[in-house]
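Trainee: I have a structure here, written as structure tokens, and I will follow up with some questions on it.
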Number of protein chains: 2
Amino acid sequence: MKVIQVAHGGGHYPVYVGQGLLGVTTVLERHLSGRVLVVSDENVARLYLERLKPALGRIEHKQRLILPAGEEHKTPASWQRILDELVALRAQRDATVLALGGGVIGDMAGFAAACYMRGIKVVQLPTTLLAQVDAAVGGKTGVNHREGKNLIGAFHAPEAVVVDLDTLSSLDERDYHAGLAEVVKYGAIRDPAFFAWLEANAEALSARVPQALMEAVYQSVRNKAEVVAADELEAGQRALLNFGHTFGHALETATEYKAYRHGEAVAIGMALATRLSELLGRVEVGTSERMIALLDKLGLPTTLPEDQSAERLLGLMRLDKKNRADQIRLVLLDALGQGCVMPCPADDIREVLTQHG
Amino acid sequence: MKVIQVAHGGGHYPVYVGQGLLGVTTVLERHLSGRVLVVSDENVARLYLERLKPALGRIEHKQRLILPAGEEHKTPASWQRILDELVALRAQRDATVLALGGGVIGDMAGFAAACYMRGIKVVQLPTTLLAQVDAAVGGKTGVNHREGKNLIGAFHAPEAVVVDLDTLSSLDERDYHAGLAEVVKYGAIRDPAFFAWLEANAEALSARVPQALMEAVYQSVRNKAEVVAADELEAGQRALLNFGHTFGHALETATEYKAYRHGEAVAIGMALATRLSELLGRVEVGTSERMIALLDKLGLPTTLPEDQSAERLLGLMRLDKKNRADQIRLVLLDALGQGCVMPCPADDIREVLTQHG
């Protein structure tokens, strides 16, 4: 087991990374207090709820709430169900919410914990690769509004994050590979050694070899923790985490969130952003080839589908953020392992959007 | 106009107290940015919305949301309506919510601002005495759950609080006097000079003489600001603000929030807590007489109704907080102007609950 301390505000919280941690009583027990509500979804509960039994053995007042699975349930209505359950449990200020699941469960349960009695503890137990390396660290919580994702939410740092790598074994092939896109992102924007490690270990990672998983998750969490901590002093660091995401969000919106997993859209976005960096002369020639080769080995897509209109995507990218008239702020690369935020001319963006494969 | 700076976290925000401030463009304008949503209720909007016109003149994108008046509308559903309106206005992170109304509007609009995009600005424009001296300062926001008041919420410091004393002239007689209960509270728990001033100026205050109002609101806000700031370092200071409230909440619950305004129940609670302080020998004999005389002059009730069972109230007080078996933690007085938090024997509490008038 490895432990990473994430600094925030005045304090910090631990992220434990290891195998079989859901069943390790000593890890979980030290972060529980008061009455305990476990929030999970139908799929995850069936697989992993049982494993929490030893850790919850000594808790007298506890309850579980199993929500339907899927992003379409990440709504204010589900959030209210969690709050209702806390009220029914007569949870006090010392109560703990245990969020067992992917990003959807973690975001909703974290947001409910943020708002119940103006804030109680949440311990995050992320069970997807995406949640482990991204959502569970940093304290962003929330639900979707029908007109926009994550429009409603709060910053609420978890009490602790427990990453049990064993839960990744049940992950659907596509979801697993989609999660790897965010792993690549950390290497690309700030950690050249990690990027090189990923290139050398892509096969092992693709095959979910435990030691490779441990290293990939650990390095990702460490990088995210450093960015989150740095951002409290140095505004803007966190913006680097959007590498590939402005392209990716436009593609997700254009395809109505149906054709791509988030990580798949981000992978295409990273390939495009790296091409753009090369087009603008920011990185040496061949850089985008290396990026694309790595994404390929990790089973991720790197090109836009033929039927996507460059103009449509460009329009969506303009909406995505506040941009000046003909410039869009994007995360580009200065090297594999060094990101930067840049206003980019629409014409150059259009050029990479029209190259297909 | 007077200005009090309220310290919180790393920063601070101003509370402006004066007459006619809603119409003073220079005060409001400096705290507005982005798109502006004004949230108010039907009663307040009819009286005061017009007065904001000059200050909002230069704002291009603005909207108003007028909610039905009343505590029964302080619900997650109303909070969602505010969020819907922010989405419809296409508010960004720089947007401002203007909360024009009493505590219900301030709490709901503040909570919506806390959650929209994980937090945008709220400027509080409290129009009731209770909201001016209590709710608008301190950053507590939230809505009621059907099983408990303020169970859902967040801490979200306002950008500024603008107290226009003119709005008090339209306040219903009962609501105005109920608000004075919280004013008396600040004197009682921490400010002997202010308590003496209240005794000397009770008639002027009862008659809403502008100079008396200015002093009463200013001293109340100053005291609340000091408590809120102190509490960030010294946990527990804030607990003194519950003086009269444990008794008061029990009475409100026993009468299903129908017989008393909050301030009226608190006034009875302060009379009882002062009697209890005297019974326990904490304050000199005659102290509760002074307290009751002041509350009387301010048109506030000081005795329990005959039909209230002492056992029932005691049972409700036990529920109100986490208490040990036969002790209830209460705010008592060591003097008029000095509060303290004490575990009290149930038998002594029962004794003051059974004295009628």
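By order in the structure tokens, chains are A, B, ...; within a chain, residues start at 1; ligands start at 1, following the order shown.
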For stretch 294-304 of chain B, work out the shell of residues within 10 Å, counting only C-alpha atoms and skipping chain neighbours fewer than 5 positions away, then give it as a ChimeraX atom specification.
Mentor: /B:173-174,176-181,184,195-196,198-207,251,260,263-272,288-289,309-310,352-357
Trainee: At a cut-off of 7 Å, list the chain A residues touching chain B, using only C-alpha atoms, as a list in words.
Mentor: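 Output check: Cys115, Tyr116, Met117, Arg118, Gly119, Leu151, Ile152, Gly153, Ala154 and Phe155 of chain A.
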Trainee: Return chain B as a compact mmCIF listing (two decimals) with C-alpha atoms, in the first residue's frame, after superposing it on chain A by a least-squares fit that covers all C-alpha atoms paired in order.
Mentor:
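Result file is superposed.txt:
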```
# COMPACT_ATOMS: atom_id res chain seq x y z
CA MET B 1 0.02 0.00 0.01
CA LYS B 2 1.15 3.53 -0.78
CA VAL B 3 -0.18 6.72 0.77
CA ILE B 4 -0.26 10.17 -0.80
CA GLN B 5 -1.15 13.20 1.31
CA VAL B 6 -3.22 15.78 -0.55
CA ALA B 7 -2.89 19.31 0.81
CA HIS B 8 -5.95 21.56 0.84
CA GLY B 9 -6.89 24.69 2.77
CA GLY B 10 -5.25 24.36 6.14
CA GLY B 11 -5.16 20.56 6.21
CA HIS B 12 -4.61 17.48 4.13
CA TYR B 13 -6.18 14.09 3.52
CA PRO B 14 -4.66 10.72 2.66
CA VAL B 15 -5.16 8.74 -0.54
CA TYR B 16 -4.39 5.06 0.05
CA VAL B 17 -3.52 3.03 -3.05
CA GLY B 18 -3.21 -0.75 -2.88
CA GLN B 19 -4.78 -4.14 -3.47
CA GLY B 20 -7.64 -5.46 -1.39
CA LEU B 21 -8.00 -2.23 0.61
CA LEU B 22 -11.81 -2.39 0.90
CA GLY B 23 -11.33 -5.35 3.21
CA VAL B 24 -8.54 -3.82 5.28
CA THR B 25 -10.36 -2.84 8.46
CA THR B 26 -7.53 -0.75 9.89
CA VAL B 27 -7.47 1.60 6.90
CA LEU B 28 -11.19 2.36 6.77
CA GLU B 29 -11.95 2.30 10.47
CA ARG B 30 -9.68 5.21 11.34
CA HIS B 31 -11.72 7.51 9.10
CA LEU B 32 -15.23 6.58 10.24
CA SER B 33 -17.17 8.41 12.93
CA GLY B 34 -20.80 8.76 13.92
CA ARG B 35 -23.49 7.07 11.89
CA VAL B 36 -22.42 5.77 8.50
CA LEU B 37 -24.27 5.89 5.20
CA VAL B 38 -22.85 3.82 2.35
CA VAL B 39 -23.88 5.15 -1.06
CA SER B 40 -23.33 2.95 -4.10
CA ASP B 41 -24.96 1.95 -7.38
CA GLU B 42 -26.57 -1.34 -8.36
CA ASN B 43 -23.62 -2.66 -10.35
CA VAL B 44 -20.92 -1.80 -7.85
CA ALA B 45 -22.94 -2.84 -4.81
CA ARG B 46 -23.48 -6.30 -6.23
CA LEU B 47 -19.73 -6.76 -6.69
CA TYR B 48 -18.14 -4.98 -3.74
CA LEU B 49 -20.55 -4.00 -0.99
CA GLU B 50 -19.88 -7.27 0.80
CA ARG B 51 -16.19 -6.46 1.09
CA LEU B 52 -16.92 -3.51 3.38
CA LYS B 53 -18.50 -5.74 6.01
CA PRO B 54 -15.44 -6.21 8.23
CA ALA B 55 -14.69 -2.48 8.32
CA LEU B 56 -18.31 -1.62 9.16
CA GLY B 57 -18.66 -4.38 11.75
CA ARG B 58 -18.35 -2.14 14.79
CA ILE B 59 -20.63 0.61 13.48
CA GLU B 60 -23.94 0.42 15.29
CA HIS B 61 -26.00 2.85 13.22
CA LYS B 62 -25.46 2.42 9.51
CA GLN B 63 -27.49 2.31 6.36
CA ARG B 64 -26.91 1.69 2.68
CA LEU B 65 -28.43 3.49 -0.27
CA ILE B 66 -28.15 1.79 -3.65
CA LEU B 67 -28.91 4.13 -6.54
CA PRO B 68 -29.51 3.19 -10.16
CA ALA B 69 -26.27 3.21 -12.19
CA GLY B 70 -25.51 5.73 -14.90
CA GLU B 71 -24.71 9.37 -15.60
CA GLU B 72 -28.40 10.03 -16.35
CA HIS B 73 -29.06 9.56 -12.64
CA LYS B 74 -26.52 12.18 -11.56
CA THR B 75 -29.32 14.60 -10.78
CA PRO B 76 -30.56 16.86 -7.99
CA ALA B 77 -33.23 14.19 -7.41
CA SER B 78 -30.64 11.50 -6.59
CA TRP B 79 -28.78 13.98 -4.39
CA GLN B 80 -32.01 14.57 -2.47
CA ARG B 81 -32.46 10.83 -1.99
CA ILE B 82 -29.06 10.70 -0.29
CA LEU B 83 -30.02 13.61 1.95
CA ASP B 84 -33.35 11.93 2.77
CA GLU B 85 -31.46 8.81 3.78
CA LEU B 86 -29.14 10.81 6.06
CA VAL B 87 -32.19 12.37 7.71
CA ALA B 88 -33.83 8.95 8.11
CA LEU B 89 -30.61 7.63 9.68
CA ARG B 90 -30.72 10.62 12.06
CA ALA B 91 -27.14 11.41 11.07
CA GLN B 92 -25.48 14.15 13.11
CA ARG B 93 -22.56 16.42 12.29
CA ASP B 94 -20.08 13.63 13.08
CA ALA B 95 -21.63 11.24 10.55
CA THR B 96 -19.71 9.75 7.60
CA VAL B 97 -20.79 9.12 4.03
CA LEU B 98 -18.96 6.28 2.28
CA ALA B 99 -19.06 6.70 -1.50
CA LEU B 100 -18.48 3.31 -3.14
CA GLY B 101 -18.49 3.55 -6.92
CA GLY B 102 -17.37 5.51 -9.94
CA GLY B 103 -17.29 9.24 -10.49
CA VAL B 104 -21.06 9.59 -10.59
CA ILE B 105 -21.51 8.09 -7.12
CA GLY B 106 -18.49 9.95 -5.74
CA ASP B 107 -19.66 13.31 -7.05
CA MET B 108 -23.24 12.90 -5.81
CA ALA B 109 -22.40 11.44 -2.42
CA GLY B 110 -19.69 14.06 -1.93
CA PHE B 111 -22.14 16.84 -2.77
CA ALA B 112 -24.73 15.45 -0.37
CA ALA B 113 -22.06 15.27 2.36
CA ALA B 114 -21.09 18.87 1.54
CA CYS B 115 -24.66 20.06 2.12
CA TYR B 116 -25.98 17.89 4.95
CA MET B 117 -25.91 20.12 8.05
CA ARG B 118 -23.57 22.35 6.02
CA GLY B 119 -20.96 19.64 5.70
CA ILE B 120 -20.20 16.19 7.07
CA LYS B 121 -17.39 13.75 6.26
CA VAL B 122 -17.17 11.78 3.04
CA VAL B 123 -14.74 8.93 2.44
CA GLN B 124 -14.30 8.17 -1.25
CA LEU B 125 -13.94 4.54 -2.34
CA PRO B 126 -13.55 4.91 -6.11
CA THR B 127 -14.02 1.70 -8.11
CA THR B 128 -13.29 2.87 -11.66
CA LEU B 129 -9.91 3.86 -13.02
CA LEU B 130 -11.27 7.27 -14.03
CA ALA B 131 -12.57 7.97 -10.53
CA GLN B 132 -9.37 6.68 -8.90
CA VAL B 133 -6.99 8.88 -10.88
CA ASP B 134 -9.24 11.90 -11.30
CA ALA B 135 -12.63 12.45 -9.70
CA ALA B 136 -11.93 11.18 -6.18
CA VAL B 137 -8.99 13.55 -5.63
CA GLY B 138 -9.44 17.32 -5.46
CA GLY B 139 -12.74 17.83 -3.69
CA LYS B 140 -14.95 18.71 -6.65
CA THR B 141 -18.45 17.39 -6.06
CA GLY B 142 -21.76 17.97 -7.78
CA VAL B 143 -24.63 16.87 -9.97
CA ASN B 144 -25.72 17.68 -13.51
CA HIS B 145 -28.31 20.22 -14.49
CA ARG B 146 -30.40 19.11 -17.45
CA GLU B 147 -28.74 21.89 -19.44
CA GLY B 148 -25.17 21.26 -18.41
CA LYS B 149 -22.89 18.79 -16.66
CA ASN B 150 -21.69 19.55 -13.13
CA LEU B 151 -23.40 22.94 -13.09
CA ILE B 152 -24.50 22.40 -9.48
CA GLY B 153 -21.94 21.49 -6.86
CA ALA B 154 -19.47 22.39 -4.17
CA PHE B 155 -15.83 22.00 -3.22
CA HIS B 156 -15.77 19.49 -0.38
CA ALA B 157 -12.51 17.76 0.43
CA PRO B 158 -12.90 14.09 1.35
CA GLU B 159 -11.83 12.77 4.74
CA ALA B 160 -9.83 10.10 2.94
CA VAL B 161 -9.70 8.31 -0.41
CA VAL B 162 -9.25 4.54 -0.43
CA VAL B 163 -8.23 3.17 -3.84
CA ASP B 164 -8.61 -0.61 -3.96
CA LEU B 165 -6.92 -1.68 -7.20
CA ASP B 166 -8.74 -5.03 -7.08
CA THR B 167 -11.94 -3.29 -8.14
CA LEU B 168 -10.37 -2.58 -11.53
CA SER B 169 -10.44 -6.26 -12.45
CA SER B 170 -14.20 -6.17 -12.97
CA LEU B 171 -14.11 -3.01 -15.08
CA ASP B 172 -15.51 -3.29 -18.60
CA GLU B 173 -12.77 -3.24 -21.26
CA ARG B 174 -13.83 0.08 -22.77
CA ASP B 175 -14.19 1.81 -19.41
CA TYR B 176 -10.79 0.59 -18.31
CA HIS B 177 -9.03 1.87 -21.42
CA ALA B 178 -10.96 5.14 -21.32
CA GLY B 179 -9.59 5.65 -17.81
CA LEU B 180 -6.05 5.32 -19.13
CA ALA B 181 -6.54 8.51 -21.15
CA GLU B 182 -6.43 10.57 -17.93
CA VAL B 183 -3.34 8.66 -16.83
CA VAL B 184 -1.57 9.63 -20.08
CA LYS B 185 -2.70 13.21 -19.50
CA TYR B 186 -0.70 13.54 -16.25
CA GLY B 187 2.44 12.35 -18.01
CA ALA B 188 1.86 14.69 -20.94
CA ILE B 189 1.24 17.91 -19.03
CA ARG B 190 3.81 17.71 -16.23
CA ASP B 191 5.79 14.49 -15.85
CA PRO B 192 8.16 13.46 -18.67
CA ALA B 193 9.57 10.50 -16.71
CA PHE B 194 6.05 9.14 -16.16
CA PHE B 195 5.25 9.62 -19.85
CA ALA B 196 8.34 7.60 -20.77
CA TRP B 197 7.39 4.95 -18.22
CA LEU B 198 3.94 4.71 -19.83
CA GLU B 199 5.51 4.23 -23.27
CA ALA B 200 7.69 1.43 -21.88
CA ASN B 201 4.87 -0.26 -19.96
CA ALA B 202 1.86 0.24 -22.21
CA GLU B 203 1.39 -3.49 -22.83
CA ALA B 204 1.52 -4.41 -19.15
CA LEU B 205 -0.90 -1.61 -18.37
CA SER B 206 -3.26 -2.67 -21.13
CA ALA B 207 -3.22 -6.19 -19.66
CA ARG B 208 -3.92 -4.84 -16.14
CA VAL B 209 -0.75 -6.31 -14.63
CA PRO B 210 -1.05 -5.43 -10.92
CA GLN B 211 2.41 -3.85 -10.52
CA ALA B 212 1.82 -1.67 -13.59
CA LEU B 213 -1.59 -0.62 -12.27
CA MET B 214 -0.11 0.30 -8.91
CA GLU B 215 2.55 2.52 -10.49
CA ALA B 216 0.13 4.13 -12.97
CA VAL B 217 -2.49 4.96 -10.33
CA TYR B 218 0.08 6.07 -7.77
CA GLN B 219 1.87 8.43 -10.18
CA SER B 220 -1.44 9.80 -11.46
CA VAL B 221 -2.75 10.52 -7.97
CA ARG B 222 0.59 12.07 -6.97
CA ASN B 223 0.49 14.37 -10.00
CA LYS B 224 -3.14 15.33 -9.42
CA ALA B 225 -2.44 15.99 -5.74
CA GLU B 226 0.47 18.28 -6.63
CA VAL B 227 -1.63 20.21 -9.13
CA VAL B 228 -4.51 20.61 -6.68
CA ALA B 229 -2.19 21.77 -3.90
CA ALA B 230 -0.28 24.15 -6.20
CA ASP B 231 -3.49 25.70 -7.45
CA GLU B 232 -4.36 27.05 -4.04
CA LEU B 233 -1.36 29.35 -4.34
CA GLU B 234 -0.77 29.56 -8.05
CA ALA B 235 -4.09 30.03 -9.86
CA GLY B 236 -4.17 28.40 -13.23
CA GLN B 237 -2.09 25.23 -12.58
CA ARG B 238 -5.36 23.36 -12.44
CA ALA B 239 -6.20 24.56 -15.95
CA LEU B 240 -3.54 22.20 -17.31
CA LEU B 241 -5.79 19.33 -16.29
CA ASN B 242 -8.02 20.35 -19.21
CA PHE B 243 -5.47 19.02 -21.71
CA GLY B 244 -7.47 17.30 -24.46
CA HIS B 245 -10.71 18.27 -22.75
CA THR B 246 -11.84 21.28 -24.81
CA PHE B 247 -11.65 19.20 -27.99
CA GLY B 248 -13.07 16.23 -26.09
CA HIS B 249 -16.08 18.07 -24.66
CA ALA B 250 -16.95 19.46 -28.10
CA LEU B 251 -16.86 15.94 -29.52
CA GLU B 252 -18.93 14.54 -26.64
CA THR B 253 -21.53 17.29 -27.12
CA ALA B 254 -21.59 16.86 -30.92
CA THR B 255 -22.23 13.14 -30.48
CA GLU B 256 -24.68 13.71 -27.61
CA TYR B 257 -22.52 11.75 -25.15
CA LYS B 258 -23.48 8.55 -26.92
CA ALA B 259 -20.60 7.61 -29.23
CA TYR B 260 -17.65 8.02 -26.85
CA ARG B 261 -16.66 7.39 -23.29
CA HIS B 262 -15.29 10.56 -21.72
CA GLY B 263 -11.74 9.17 -21.80
CA GLU B 264 -12.04 8.21 -25.46
CA ALA B 265 -13.07 11.73 -26.40
CA VAL B 266 -10.20 13.08 -24.28
CA ALA B 267 -7.75 10.74 -26.05
CA ILE B 268 -8.82 12.12 -29.44
CA GLY B 269 -8.58 15.60 -27.92
CA MET B 270 -5.03 15.00 -26.67
CA ALA B 271 -3.99 13.72 -30.10
CA LEU B 272 -5.46 16.85 -31.70
CA ALA B 273 -3.91 19.21 -29.14
CA THR B 274 -0.51 17.59 -29.66
CA ARG B 275 -0.87 17.90 -33.43
CA LEU B 276 -1.80 21.55 -32.95
CA SER B 277 1.26 22.06 -30.73
CA GLU B 278 3.36 20.63 -33.53
CA LEU B 279 1.63 22.70 -36.19
CA LEU B 280 2.37 25.84 -34.14
CA GLY B 281 6.00 24.79 -33.76
CA ARG B 282 5.81 24.47 -29.97
CA VAL B 283 7.05 20.86 -29.87
CA GLU B 284 9.55 19.05 -32.06
CA VAL B 285 8.34 17.21 -35.14
CA GLY B 286 7.39 13.63 -34.31
CA THR B 287 5.89 14.47 -30.91
CA SER B 288 2.32 13.87 -32.00
CA GLU B 289 3.44 10.58 -33.53
CA ARG B 290 4.75 9.48 -30.10
CA MET B 291 1.53 10.60 -28.42
CA ILE B 292 -0.63 8.77 -30.95
CA ALA B 293 1.51 5.63 -30.74
CA LEU B 294 1.07 5.52 -26.95
CA LEU B 295 -2.69 6.09 -27.11
CA ASP B 296 -2.89 3.37 -29.79
CA LYS B 297 -1.03 0.87 -27.61
CA LEU B 298 -3.45 1.67 -24.79
CA GLY B 299 -6.41 0.88 -27.02
CA LEU B 300 -7.59 4.47 -27.32
CA PRO B 301 -8.92 6.30 -30.40
CA THR B 302 -6.85 9.18 -31.79
CA THR B 303 -8.77 10.51 -34.79
CA LEU B 304 -12.06 12.27 -35.33
CA PRO B 305 -14.79 10.34 -37.11
CA GLU B 306 -15.14 11.35 -40.79
CA ASP B 307 -18.69 12.63 -40.34
CA GLN B 308 -17.80 15.34 -37.80
CA SER B 309 -17.94 18.85 -39.21
CA ALA B 310 -14.92 20.94 -38.23
CA GLU B 311 -17.08 24.09 -38.14
CA ARG B 312 -19.58 22.49 -35.78
CA LEU B 313 -16.83 21.38 -33.39
CA LEU B 314 -15.17 24.78 -33.56
CA GLY B 315 -18.48 26.41 -32.70
CA LEU B 316 -18.89 24.13 -29.68
CA MET B 317 -15.33 24.85 -28.52
CA ARG B 318 -16.10 28.55 -28.61
CA LEU B 319 -19.11 27.99 -26.34
CA ASP B 320 -17.20 25.79 -23.94
CA LYS B 321 -15.30 28.65 -22.29
CA LYS B 322 -15.25 32.40 -22.31
CA ASN B 323 -13.06 33.19 -25.30
CA ARG B 324 -12.25 36.34 -27.14
CA ALA B 325 -13.64 36.79 -30.66
CA ASP B 326 -11.41 34.62 -32.75
CA GLN B 327 -9.19 32.92 -30.22
CA ILE B 328 -9.86 29.86 -28.12
CA ARG B 329 -7.84 29.15 -24.97
CA LEU B 330 -6.42 25.64 -25.09
CA VAL B 331 -3.93 23.52 -23.22
CA LEU B 332 -1.04 22.77 -25.57
CA LEU B 333 2.33 21.10 -25.06
CA ASP B 334 5.84 22.54 -25.05
CA ALA B 335 7.14 18.98 -24.73
CA LEU B 336 5.85 15.56 -23.73
CA GLY B 337 5.74 16.31 -20.03
CA GLN B 338 5.18 20.06 -20.17
CA GLY B 339 1.81 21.68 -20.82
CA CYS B 340 0.89 25.33 -21.21
CA VAL B 341 -2.33 27.32 -21.61
CA MET B 342 -2.49 29.35 -24.84
CA PRO B 343 -5.00 31.36 -26.85
CA CYS B 344 -5.06 29.69 -30.28
CA PRO B 345 -6.16 31.14 -33.62
CA ALA B 346 -9.36 29.54 -34.91
CA ASP B 347 -7.78 28.88 -38.29
CA ASP B 348 -5.09 26.64 -36.82
CA ILE B 349 -7.64 24.76 -34.74
CA ARG B 350 -9.74 24.30 -37.86
CA GLU B 351 -6.76 22.81 -39.63
CA VAL B 352 -6.26 20.00 -37.11
CA LEU B 353 -10.01 19.41 -36.98
CA THR B 354 -10.09 18.74 -40.73
CA GLN B 355 -7.22 16.21 -40.79
CA HIS B 356 -8.76 12.77 -40.62
CA GLY B 357 -6.44 9.94 -39.70
```
Trainee: List every residue of stretch 164-322 of chain A that DSSP, applied to the backbone of this structure, places in alpha helix (DSSP H), and write the result as a PyMOL selection string.
Mentor: chain A and resi 173-190+192-206+210-233+245-254+262-279+287-297+310-320
Trainee: Please identify which residues in stretch 160-291 of chain A DSSP calls strand (DSSP E) from the backbone, and express them as a list in words.
Mentor: Ala160, Val161, Val162, Val163 and Asp164 of chain A
